[in-house]
file model32.txt (compact mmCIF, C-alpha atoms)
# COMPACT_ATOMS: atom_id res chain seq x y z
CA MET S 300 -0.26 -14.42 -11.29
CA LEU S 301 2.53 -16.13 -9.40
CA VAL S 302 2.51 -19.63 -7.89
CA ILE S 303 5.25 -21.19 -5.80
CA VAL S 304 5.12 -24.80 -4.63
CA VAL S 305 7.63 -25.98 -2.06
CA GLU S 306 8.38 -29.37 -0.49
CA ASN S 307 10.46 -30.21 2.54
CA ILE S 308 11.68 -26.68 3.22
CA PRO S 309 12.50 -25.23 6.68
CA PRO S 310 9.65 -23.44 8.54
CA ARG S 311 11.49 -20.09 8.43
CA LEU S 312 11.28 -20.05 4.63
CA ARG S 313 7.62 -21.02 4.73
CA GLY S 314 6.99 -18.11 7.07
CA ARG S 315 9.06 -15.81 4.88
CA LEU S 316 7.02 -16.64 1.77
CA ALA S 317 3.83 -15.78 3.67
CA ILE S 318 5.12 -12.19 3.94
CA TRP S 319 4.14 -11.56 0.30
CA LEU S 320 2.10 -14.56 -0.82
CA LEU S 321 -0.93 -16.49 0.36
CA GLU S 322 -0.44 -20.13 1.41
CA VAL S 323 -3.61 -21.67 -0.03
CA ARG S 324 -2.57 -25.29 0.67
CA ALA S 325 0.44 -26.71 2.50
CA GLY S 326 3.44 -25.50 0.54
CA VAL S 327 1.40 -23.83 -2.22
CA TYR S 328 1.78 -20.04 -2.37
CA VAL S 329 -0.05 -17.71 -4.73
CA GLY S 330 0.14 -14.02 -5.43
CA ASP S 331 0.43 -11.36 -8.10
CA THR S 332 3.69 -9.43 -8.08
CA SER S 333 5.91 -7.36 -10.31
CA ARG S 334 8.99 -8.91 -11.90
CA ARG S 335 11.34 -7.30 -9.38
CA VAL S 336 9.37 -8.58 -6.42
CA ARG S 337 9.17 -12.05 -7.98
CA GLU S 338 12.95 -12.14 -8.43
CA MET S 339 13.42 -10.95 -4.87
CA ILE S 340 11.12 -13.71 -3.57
CA TRP S 341 12.95 -16.36 -5.64
CA GLU S 342 16.25 -15.17 -4.21
CA GLN S 343 14.85 -15.83 -0.75
CA VAL S 344 13.80 -19.34 -1.83
CA GLU S 345 17.29 -20.01 -3.22
CA ARG S 346 18.89 -18.93 0.02
CA GLY S 347 16.55 -20.85 2.33
CA VAL S 348 15.55 -24.00 0.44
CA GLU S 349 18.25 -26.26 2.03
CA GLU S 350 17.35 -29.93 1.42
CA GLY S 351 13.92 -29.15 0.02
CA ASN S 352 12.77 -28.30 -3.48
CA ALA S 353 10.71 -25.57 -5.04
CA VAL S 354 9.06 -24.56 -8.29
CA MET S 355 7.82 -21.11 -9.25
CA ALA S 356 5.42 -20.44 -12.12
CA TRP S 357 4.19 -17.02 -13.28
CA SER S 358 2.12 -15.60 -16.09
CA THR S 359 4.17 -13.95 -18.77
CA ASN S 360 4.19 -13.16 -22.43
CA THR S 361 5.44 -16.51 -23.77
CA GLU S 362 3.79 -18.95 -26.19
CA SER S 363 2.33 -20.92 -23.29
CA GLY S 364 1.40 -17.74 -21.41
CA PHE S 365 3.53 -18.62 -18.41
CA ASP S 366 7.05 -19.54 -17.44
CA PHE S 367 8.50 -21.51 -14.53
CA MET S 368 11.75 -22.39 -12.84
CA THR S 369 12.76 -25.05 -10.35
CA LEU S 370 15.18 -25.54 -7.52
CA GLY S 371 16.36 -28.67 -5.65
CA LYS S 372 15.91 -32.34 -6.41
CA ASN S 373 12.62 -33.55 -7.82
CA ARG S 374 11.50 -36.34 -10.16
CA ARG S 375 9.86 -33.73 -12.33
CA ILE S 376 12.43 -31.77 -14.26
CA PRO S 377 11.92 -29.05 -16.86
CA LYS S 378 12.70 -29.99 -20.44
CA GLU S 379 12.77 -27.68 -23.43
CA MET S 380 11.17 -28.85 -26.68
CA ASP S 381 11.50 -26.51 -29.66
CA GLY S 382 11.32 -23.45 -27.45
CA ILE S 383 8.42 -24.73 -25.37
CA LYS S 384 9.20 -25.69 -21.82
CA LEU S 385 7.74 -29.05 -20.78
CA VAL S 386 8.29 -31.32 -17.79
CA SER S 387 9.89 -34.77 -17.78
CA PHE S 388 8.94 -37.21 -15.06
CA LEU S 389 11.84 -39.41 -14.01
CA PRO S 390 11.26 -43.07 -13.05
CA GLU S 391 11.36 -43.95 -9.36
CA ASN S 392 14.90 -45.32 -9.30
CA GLY S 393 16.08 -42.09 -10.82
CA VAL S 394 17.66 -43.84 -13.81
CA VAL S 395 16.68 -42.28 -17.10
CA GLY S 396 15.79 -45.02 -19.61
CA ASP S 397 15.52 -44.70 -23.38
CA GLU S 398 14.63 -41.10 -23.95
CA ALA S 399 11.06 -40.65 -25.05
CA VAL S 400 10.58 -38.98 -28.38
CA ILE S 401 8.05 -36.18 -28.33
CA GLY S 402 6.90 -33.99 -31.13
CA MET F 300 26.86 -15.79 15.60
CA THR F 301 26.26 -17.54 12.32
CA GLU F 302 25.25 -15.74 9.17
CA PRO F 303 21.43 -15.54 8.86
CA VAL F 304 20.20 -18.03 6.28
CA LEU F 305 17.57 -15.86 4.62
CA PRO F 306 18.37 -12.44 3.18
CA PRO F 307 17.13 -9.48 5.27
CA LEU F 308 13.57 -8.30 4.63
CA LYS F 309 13.18 -5.18 2.50
CA PRO F 310 10.09 -3.15 1.65
CA ILE F 311 8.65 -3.37 -1.85
CA LEU F 312 7.29 -0.44 -3.87
CA MET F 313 4.05 1.19 -2.79
CA LYS F 314 2.56 0.67 -6.27
CA ASP F 315 3.03 -3.11 -6.05
CA ARG F 316 0.84 -3.35 -2.96
CA MET F 317 -2.77 -3.86 -1.92
CA SER F 318 -4.29 -0.73 -0.43
CA VAL F 319 -5.77 -1.40 3.01
CA LEU F 320 -6.64 -4.31 5.27
CA PHE F 321 -8.68 -3.96 8.45
CA ILE F 322 -8.13 -6.27 11.41
CA GLU F 323 -10.98 -6.36 13.82
CA LYS F 324 -9.82 -8.64 16.61
CA GLY F 325 -7.10 -11.07 17.56
CA ASN F 326 -3.45 -11.11 18.54
CA LEU F 327 -1.00 -10.01 15.89
CA ASP F 328 2.19 -11.97 16.18
CA VAL F 329 5.03 -13.54 14.22
CA LEU F 330 5.13 -17.32 13.69
CA ASP F 331 7.95 -18.90 11.69
CA GLY F 332 8.77 -15.44 10.45
CA ALA F 333 5.27 -14.78 9.05
CA PHE F 334 2.81 -12.12 10.20
CA VAL F 335 -0.24 -13.82 11.74
CA VAL F 336 -3.46 -12.90 13.48
CA VAL F 337 -4.41 -15.47 16.09
CA ASP F 338 -7.99 -15.41 17.36
CA LYS F 339 -9.13 -16.68 20.75
CA THR F 340 -9.88 -20.17 19.42
CA GLY F 341 -6.28 -20.48 18.24
CA VAL F 342 -7.11 -20.08 14.56
CA ARG F 343 -4.29 -18.26 12.82
CA THR F 344 -4.56 -16.22 9.67
CA HIS F 345 -1.50 -15.22 7.69
CA ILE F 346 -1.41 -11.59 6.60
CA PRO F 347 0.83 -10.98 3.55
CA VAL F 348 2.01 -7.85 5.32
CA GLY F 349 4.81 -7.21 2.82
CA GLY F 350 2.22 -6.64 0.10
CA VAL F 351 -0.11 -4.27 1.96
CA ALA F 352 0.23 -0.47 2.07
CA CYS F 353 -1.38 -0.07 5.46
CA LEU F 354 -2.96 -2.23 8.08
CA MET F 355 -5.84 -0.71 10.06
CA LEU F 356 -6.05 -2.13 13.56
CA GLU F 357 -9.43 -1.78 15.18
CA PRO F 358 -10.28 -2.02 18.88
CA GLY F 359 -9.92 -5.66 19.92
CA THR F 360 -6.46 -6.19 18.47
CA ARG F 361 -3.22 -6.71 20.32
CA VAL F 362 0.16 -6.44 18.68
CA SER F 363 3.37 -8.12 19.77
CA HIS F 364 6.74 -6.43 19.58
CA ALA F 365 7.86 -8.93 16.93
CA ALA F 366 4.82 -8.08 14.77
CA VAL F 367 5.52 -4.34 14.87
CA THR F 368 9.17 -4.98 14.03
CA LEU F 369 8.19 -7.15 11.07
CA ALA F 370 5.63 -4.64 9.79
CA SER F 371 8.22 -1.86 9.86
CA ARG F 372 10.83 -4.05 8.12
CA VAL F 373 8.52 -4.60 5.19
CA GLY F 374 7.30 -0.98 5.16
CA CYS F 375 3.68 -1.64 6.08
CA LEU F 376 2.11 1.28 7.95
CA LEU F 377 0.22 0.19 11.05
CA VAL F 378 -2.68 2.50 11.85
CA TRP F 379 -4.60 2.17 15.06
CA VAL F 380 -8.18 3.27 14.43
CA GLY F 381 -11.34 3.49 16.48
CA ASP F 382 -14.68 1.93 15.60
CA GLY F 383 -15.60 2.58 11.99
CA GLY F 384 -12.23 4.09 11.21
CA VAL F 385 -12.31 7.15 13.46
CA ARG F 386 -8.62 7.78 13.67
CA LEU F 387 -6.76 7.37 16.92
CA TYR F 388 -3.07 6.79 16.45
CA ALA F 389 -0.53 5.62 13.94
CA SER F 390 2.89 4.06 13.95
CA GLY F 391 4.80 1.12 12.58
CA GLN F 392 6.69 3.12 10.01
CA PRO F 393 8.47 6.01 11.62
CA GLY F 394 8.96 8.22 8.56
CA GLY F 395 11.44 11.03 8.22
CA ALA F 396 13.90 8.66 6.59
CA ARG F 397 15.06 11.16 4.00
CA ALA F 398 16.48 14.46 5.20
CA ASP F 399 16.76 15.80 1.62
CA ARG F 400 13.02 15.28 1.00
CA LEU F 401 12.07 16.78 4.35
CA LEU F 402 14.22 19.87 3.71
CA TYR F 403 12.76 20.20 0.22
CA GLN F 404 9.21 19.98 1.53
CA ALA F 405 10.00 22.48 4.32
CA LYS F 406 11.66 24.88 1.86
CA LEU F 407 8.55 24.83 -0.34
CA ALA F 408 6.25 25.36 2.64
CA LEU F 409 8.32 28.25 4.03
CA ASP F 410 8.64 30.15 0.74
CA ASP F 411 5.39 32.11 0.18
CA ASP F 412 5.78 32.14 -3.58
CA ALA F 413 6.54 28.42 -3.81
CA ARG F 414 3.77 27.52 -1.39
CA LEU F 415 1.21 29.42 -3.46
CA LYS F 416 2.39 27.58 -6.58
CA VAL F 417 2.04 24.22 -4.82
CA VAL F 418 -1.44 25.13 -3.56
CA ARG F 419 -2.50 26.27 -7.06
CA LYS F 420 -1.25 22.96 -8.49
CA MET F 421 -3.20 21.04 -5.84
CA TYR F 422 -6.40 22.87 -6.80
CA ALA F 423 -5.71 22.46 -10.51
CA MET F 424 -5.34 18.69 -10.14
CA ARG F 425 -8.34 18.47 -7.90
CA PHE F 426 -10.83 20.45 -9.95
CA HIS F 427 -9.24 19.61 -13.32
CA GLU F 428 -8.89 23.30 -14.19
CA GLU F 429 -6.59 26.20 -13.31
CA PRO F 430 -7.72 28.26 -10.29
CA PRO F 431 -8.30 32.02 -10.86
CA GLU F 432 -5.16 34.17 -11.17
CA ARG F 433 -3.77 36.52 -8.50
CA ARG F 434 -5.40 34.93 -5.47
CA SER F 435 -3.78 34.34 -2.10
CA VAL F 436 -3.77 30.93 -0.39
CA ALA F 437 -6.54 32.19 1.92
CA GLN F 438 -8.68 33.34 -1.03
CA LEU F 439 -8.16 30.04 -2.80
CA ARG F 440 -9.18 28.21 0.36
CA GLY F 441 -12.42 30.21 0.41
CA ILE F 442 -13.16 29.42 -3.25
CA GLU F 443 -12.44 25.76 -2.55
CA GLY F 444 -14.85 25.67 0.41
CA VAL F 445 -17.75 26.89 -1.75
CA ARG F 446 -16.88 24.45 -4.54
CA VAL F 447 -16.63 21.50 -2.19
CA ARG F 448 -20.03 22.25 -0.65
CA LYS F 449 -21.52 22.37 -4.16
CA MET F 450 -19.86 19.07 -5.07
CA TYR F 451 -21.31 17.39 -2.00
CA GLU F 452 -24.78 18.67 -2.90
CA LEU F 453 -24.40 17.60 -6.52
CA LEU F 454 -23.24 14.08 -5.66
CA ALA F 455 -25.96 13.73 -3.02
CA LYS F 456 -28.54 14.62 -5.65
CA GLN F 457 -26.95 12.25 -8.17
CA TYR F 458 -27.06 9.29 -5.75
CA LYS F 459 -30.41 10.39 -4.26
CA VAL F 460 -29.12 10.86 -0.73
CA GLU F 461 -30.64 13.31 1.70
CA TRP F 462 -27.81 15.74 2.41
CA LYS F 463 -27.67 18.57 4.93
CA SER F 464 -23.98 19.36 5.34
CA ARG F 465 -20.61 17.81 6.16
CA ASN F 466 -21.06 17.61 9.89
CA TYR F 467 -19.59 15.17 12.36
CA ASP F 468 -18.29 14.94 15.89
CA HIS F 469 -14.88 13.30 15.63
CA THR F 470 -14.96 12.33 19.32
CA GLU F 471 -18.17 10.38 19.05
CA TRP F 472 -18.85 7.76 16.45
CA GLY F 473 -22.54 7.31 15.79
CA SER F 474 -23.33 11.00 16.06
CA GLY F 475 -23.92 12.37 12.58
CA ASP F 476 -26.26 10.98 9.92
CA VAL F 477 -25.59 7.94 7.69
CA PRO F 478 -24.04 9.85 4.73
CA ASN F 479 -21.66 11.67 7.11
CA ARG F 480 -20.66 8.42 8.81
CA CYS F 481 -20.06 6.79 5.43
CA LEU F 482 -17.89 9.75 4.42
CA SER F 483 -15.88 9.57 7.65
CA SER F 484 -15.29 5.84 7.15
CA ALA F 485 -14.28 6.25 3.52
CA ASN F 486 -11.96 9.14 4.38
CA ALA F 487 -10.22 7.00 7.01
CA CYS F 488 -9.30 4.45 4.29
CA LEU F 489 -8.02 7.23 2.05
CA TYR F 490 -6.00 8.92 4.82
CA GLY F 491 -4.38 5.58 5.68
CA ILE F 492 -2.95 4.99 2.21
CA CYS F 493 -2.08 8.67 1.74
CA GLU F 494 -0.05 8.68 4.94
CA ALA F 495 1.64 5.40 3.95
CA ALA F 496 2.51 6.92 0.56
CA ILE F 497 3.80 10.19 2.02
CA LEU F 498 6.07 8.27 4.39
CA ALA F 499 7.19 5.89 1.65
CA ALA F 500 8.10 8.86 -0.55
CA GLY F 501 10.18 10.30 2.28
CA TYR F 502 8.04 13.34 3.19
CA ALA F 503 6.56 14.58 6.46
CA PRO F 504 2.82 14.12 7.12
CA ALA F 505 2.66 17.21 9.34
CA VAL F 506 4.02 19.81 6.86
CA GLY F 507 0.95 20.79 4.86
CA PHE F 508 0.33 23.49 2.25
CA ILE F 509 -3.42 24.06 2.32
CA HIS F 510 -3.97 22.42 5.69
CA THR F 511 -1.74 23.44 8.59
CA GLY F 512 -1.35 22.82 12.27
CA LYS F 513 -2.32 19.14 12.38
CA PRO F 514 -0.09 16.07 12.68
CA GLN F 515 -1.51 14.99 9.31
CA SER F 516 -1.85 18.31 7.48
CA PHE F 517 -0.02 17.05 4.38
CA VAL F 518 -2.07 13.83 4.46
CA TYR F 519 -5.26 15.92 4.16
CA ASP F 520 -3.71 17.98 1.34
CA VAL F 521 -2.82 14.86 -0.66
CA ALA F 522 -6.07 13.04 0.17
CA ASP F 523 -8.11 16.03 -1.08
CA ILE F 524 -6.58 15.67 -4.55
CA PHE F 525 -8.08 12.19 -4.85
CA LYS F 526 -11.10 12.48 -2.60
CA PHE F 527 -13.83 13.47 -5.04
CA ASP F 528 -12.66 11.01 -7.70
CA THR F 529 -12.59 8.04 -5.34
CA VAL F 530 -14.07 7.87 -1.86
CA VAL F 531 -16.78 10.55 -1.90
CA PRO F 532 -18.86 8.94 -4.71
CA VAL F 533 -18.35 5.58 -2.98
CA ALA F 534 -19.62 6.97 0.33
CA PHE F 535 -22.75 8.45 -1.25
CA GLN F 536 -23.41 5.31 -3.24
CA ILE F 537 -23.30 3.18 -0.08
CA ALA F 538 -25.27 5.74 1.95
CA ALA F 539 -28.04 5.67 -0.67
CA ARG F 540 -28.47 1.93 -0.11
CA ASN F 541 -28.48 2.39 3.67
CA PRO F 542 -27.05 -1.09 4.35
CA GLY F 543 -26.90 -2.83 7.74
CA ASN F 544 -23.13 -2.75 7.95
CA PRO F 545 -22.03 0.41 6.12
CA GLU F 546 -18.40 0.29 7.35
CA ARG F 547 -17.74 -3.08 5.72
CA GLU F 548 -19.43 -2.04 2.48
CA ILE F 549 -17.44 1.19 2.45
CA ARG F 550 -14.13 -0.64 2.80
CA LEU F 551 -14.87 -3.06 -0.02
CA ALA F 552 -16.08 -0.26 -2.27
CA CYS F 553 -13.10 1.97 -1.39
CA ARG F 554 -10.66 -0.81 -2.20
CA ASP F 555 -12.39 -1.26 -5.57
CA ALA F 556 -12.27 2.47 -6.22
CA PHE F 557 -8.56 2.61 -5.35
CA ARG F 558 -7.84 -0.28 -7.69
CA GLN F 559 -9.90 1.08 -10.55
CA SER F 560 -8.35 4.54 -10.32
CA ARG F 561 -4.88 2.95 -10.01
CA MET F 562 -4.48 5.05 -6.91
CA LEU F 563 -1.38 3.31 -5.53
CA GLN F 564 0.47 3.71 -8.81
CA ARG F 565 -0.47 7.37 -9.06
CA ILE F 566 -0.16 8.62 -5.51
CA ILE F 567 3.64 9.04 -5.15
CA PRO F 568 4.10 10.49 -8.67
CA THR F 569 1.26 12.92 -7.86
CA ILE F 570 2.96 14.05 -4.64
CA ASP F 571 6.21 14.64 -6.56
CA GLN F 572 4.37 16.50 -9.31
CA VAL F 573 2.55 18.78 -6.88
CA LEU F 574 5.75 19.66 -5.03
CA ALA F 575 7.66 20.16 -8.28
CA ALA F 576 5.10 22.87 -9.19
CA GLY F 577 6.72 24.98 -6.45
CA GLY F 578 9.60 25.50 -8.86
CA LEU F 579 12.39 24.95 -6.35
CA ALA F 580 15.19 22.44 -6.84
CA MET F 581 15.75 19.55 -4.47
CA PRO F 582 18.44 20.85 -2.05
CA LYS F 583 21.99 19.65 -2.67
CA PRO F 584 24.10 18.56 0.28
CA PRO F 585 26.43 21.37 1.41
CA ASP F 586 30.05 21.18 0.23
CA GLU F 587 31.37 20.38 3.67
CA ALA F 588 28.92 17.47 4.12
CA VAL F 589 30.52 14.10 4.74
CA ALA F 590 28.91 11.03 3.16
CA PRO F 591 27.78 8.37 5.63
CA ALA F 592 30.54 6.05 6.83
CA ILE F 593 28.36 3.01 6.25
CA PRO F 594 26.69 3.42 2.86
CA ASN F 595 22.94 2.80 2.61
CA LYS F 596 22.03 -0.58 1.20
CA GLU F 597 20.13 -0.54 -2.03
CA GLY F 598 16.57 -1.83 -1.84
CA ILE F 599 13.70 -2.33 -4.25
CA GLY F 600 11.32 -0.21 -2.16
CA ASP F 601 10.44 3.49 -2.24
CA VAL F 602 13.03 6.09 -1.20
CA GLY F 603 11.39 6.86 2.14
CA HIS F 604 11.36 3.28 3.34
CA ARG F 605 13.94 2.41 5.94
CA GLY F 606 15.85 -0.48 4.42

call {"tool": "encode", "arguments": {"input": "model32.txt", "output": "structure tokens"}}
result
Amino acid sequence: MLVIVVENIPPRLRGRLAIWLLEVRAGVYVGDTSRRVREMIWEQVERGVEEGNAVMAWSTNTESGFDFMTLGKNRRIPKEMDGIKLVSFLPENGVVGDEAVIG
Amino acid sequence: MTEPVLPPLKPILMKDRMSVLFIEKGNLDVLDGAFVVVDKTGVRTHIPVGGVACLMLEPGTRVSHAAVTLASRVGCLLVWVGDGGVRLYASGQPGGARADRLLYQAKLALDDDARLKVVRKMYAMRFHEEPPERRSVAQLRGIEGVRVRKMYELLAKQYKVEWKSRNYDHTEWGSGDVPNRCLSSANACLYGICEAAILAAGYAPAVGFIHTGKPQSFVYDVADIFKFDTVVPVAFQIAARNPGNPEREIRLACRDAFRQSRMLQRIIPTIDQVLAAGGLAMPKPPDEAVAPAIPNKEGIGDVGHRG
């Protein structure tokens, strides 16, 4: 299973993603692809994302059962905690305060 | 001209795809670079054309130039079919992209000894046992005919379908009884993906070994290997229920059968295996051959896809 969520990307990239994936909601693409095809699709996102941002999540053989990667500016950023990938949510002004202690 | 922003489209492997999709009506076009079907009320449906082996276009569809171009870029075979899948015409992926494969296939077909070996391998895979020794292609074809008729009768009995014989008028849909119509419909699905696979592997659909003289002779040869394991039981199963819309039921059931038998993973390796039984080596380019001035770009698709 593969999910890509995009925000503020040019229409040509949105169209391009629909070549392999299904756009189930605005900017939300799902599909089931091999690793090679997934990497190929992500390369297209990297090339066409411009000012927008994107995240791709896919099922894989990790502790959490999936993995994800991001591209572009977003308040949610991936954060690794003891080998588990989590997500930190930045405050609105973008300034990171005292770092929360988790775990 | 500025450099295009997105990388060029390339086909993906046949085995990573869905088998078939039928489009009944609407205009096929390209919007924002995506393949869409627009119906008369303006509703548009995206088709993930890059992930489909072949698209069956029924009467009531129109295709724009841009849509055909896009389909060929991503290696999706467009097949124009009549009502219920009676085959009319095919295009979208021109084929013949690999001279070495075409020459290899032709060499096997022209060499009597190699052709017999290929035919024997086809029968062995199909009936899951070696055919009798020292028989000609014609004799094997006769043995096959008897066996196939028996298999039809057996399956008909198993699914409790009244069966006379395989009998249909290819020019007129609706002639023929329900089991025969179901079989024709199911075969159309199978032929579509077989042709897509043959083209993707770089071979010619017209150069057959058991079948000859038709534009799709090799398609029939390859389809026959899979036929009785996939679409024939499906056709009889549906025919036994005698549903209101057999074509739709057939398509759904065929797609399931293809997925369960991992057909798209197996089909290209099977083609290679059958041809390898001929015992001839893939031809090497002659010594005086000059490599292309512009090297071919590497893709992640099958060898027969035009990159």

call {"tool": "closest_residue", "arguments": {"input": "model32.txt", "among": "F:Val373, F:Ala522, F:Leu409, F:Ala499", "to": "chain S", "atoms": "only C-alpha atoms"}}
result
F:Val373

call {"tool": "residues_around", "arguments": {"input": "model32.txt", "residues": "Arg346 in chain S", "least_positions_apart": "4", "cutoff": "9 Å", "atoms": "only C-alpha atoms", "output": "count of residues only"}}
result
6

call {"tool": "closest_residue", "arguments": {"input": "model32.txt", "among": "S:Asn392, S:Val336, S:Glu345, S:Asn360", "to": "Lys314 in chain F", "atoms": "all atoms listed in the file"}}
result
S:Val336

call {"tool": "closest_atom_pairs", "arguments": {"input": "model32.txt", "of": "chain F", "to": "chain S", "cutoff": "6 Å", "atoms": "only C-alpha atoms", "output": "CSV"}}
result
residue,atom,partner,partner_atom,distance
F:Leu305,CA,S:Gly347,CA,5.6
F:Asp331,CA,S:Gly314,CA,4.8
F:Gly332,CA,S:Gly314,CA,4.7
F:Ala333,CA,S:Gly314,CA,4.2
F:Pro347,CA,S:Ile318,CA,4.5
F:Val348,CA,S:Ile318,CA,5.5
F:Gly349,CA,S:Trp319,CA,5.1
F:Gly350,CA,S:Trp319,CA,5.3

call {"tool": "write_last_selection", "arguments": {"input": "model32.txt", "atoms": "C-alpha atoms", "output": "PDB file, in the coordinates of the input"}}
result
ATOM      1  CA  LEU F 305      17.570 -15.860   4.620  1.00  0.00           C
ATOM      2  CA  ASP F 331       7.950 -18.900  11.690  1.00  0.00           C
ATOM      3  CA  GLY F 332       8.770 -15.440  10.450  1.00  0.00           C
ATOM      4  CA  ALA F 333       5.270 -14.780   9.050  1.00  0.00           C
ATOM      5  CA  PRO F 347       0.830 -10.980   3.550  1.00  0.00           C
ATOM      6  CA  VAL F 348       2.010  -7.850   5.320  1.00  0.00           C
ATOM      7  CA  GLY F 349       4.810  -7.210   2.820  1.00  0.00           C
ATOM      8  CA  GLY F 350       2.220  -6.640   0.100  1.00  0.00           C
TER       9      GLY F 350
END

call {"tool": "atom_distance", "arguments": {"input": "model32.txt", "atom1": "CA of Arg316 in chain F", "atom2": "CA of Pro542 in chain F"}}
result
28.9 Å

call {"tool": "axis_aligned_box", "arguments": {"input": "model32.txt", "around": "range 311-321 of chain F", "padding_each_side": "6 Å", "output": "lines of an AutoDock Vina configuration file"}}
result
center_x = 0.0
center_y = -1.6
center_z = 1.1
size_x = 29.3
size_y = 17.5
size_z = 26.7

call {"tool": "residues_around", "arguments": {"input": "model32.txt", "residues": "range 365-368 of chain F", "least_positions_apart": "4", "cutoff": "10 Å", "atoms": "all atoms listed in the file", "output": "number ranges by chain"}}
result
F: 326-330, 332-336, 348, 361, 372-377, 390-392

call {"tool": "atom_distance", "arguments": {"input": "model32.txt", "atom1": "CA of Asn541 in chain F", "atom2": "CA of Ile492 in chain F"}}
result
25.7 Å

call {"tool": "residues_around", "arguments": {"input": "model32.txt", "residues": "range 483-489 of chain F", "least_positions_apart": "3", "cutoff": "9 Å", "atoms": "all atoms listed in the file", "output": "VMD selection string"}}
result
chain F and resid 318 to 319 355 380 383 to 386 467 469 478 to 480 492 to 494 522 525 to 526 529 to 531 533 to 534 545 to 546 549 to 550 552 to 554 557

call {"tool": "atom_distance", "arguments": {"input": "model32.txt", "atom1": "CA of Glu452 in chain F", "atom2": "CA of Asp476 in chain F"}}
result
15.0 Å

call {"tool": "closest_residue", "arguments": {"input": "model32.txt", "among": "F:Tyr490, F:Tyr451, F:Tyr403, F:Tyr458", "to": "Ile524 in chain F", "atoms": "all atoms listed in the file"}}
result
F:Tyr490

call {"tool": "residues_near_point", "arguments": {"input": "model32.txt", "point": "(10.4, -21.6, -11.4)", "cutoff": "9 Å", "atoms": "only C-alpha atoms", "output": "ChimeraX atom specification"}}
result
/S:302-303,341,353-357,366-370

call {"tool": "closest_residue", "arguments": {"input": "model32.txt", "among": "F:Ser516, F:Asn544, F:Asn595, F:Ser560", "to": "Ala408 in chain F", "atoms": "all atoms listed in the file"}}
result
F:Ser516
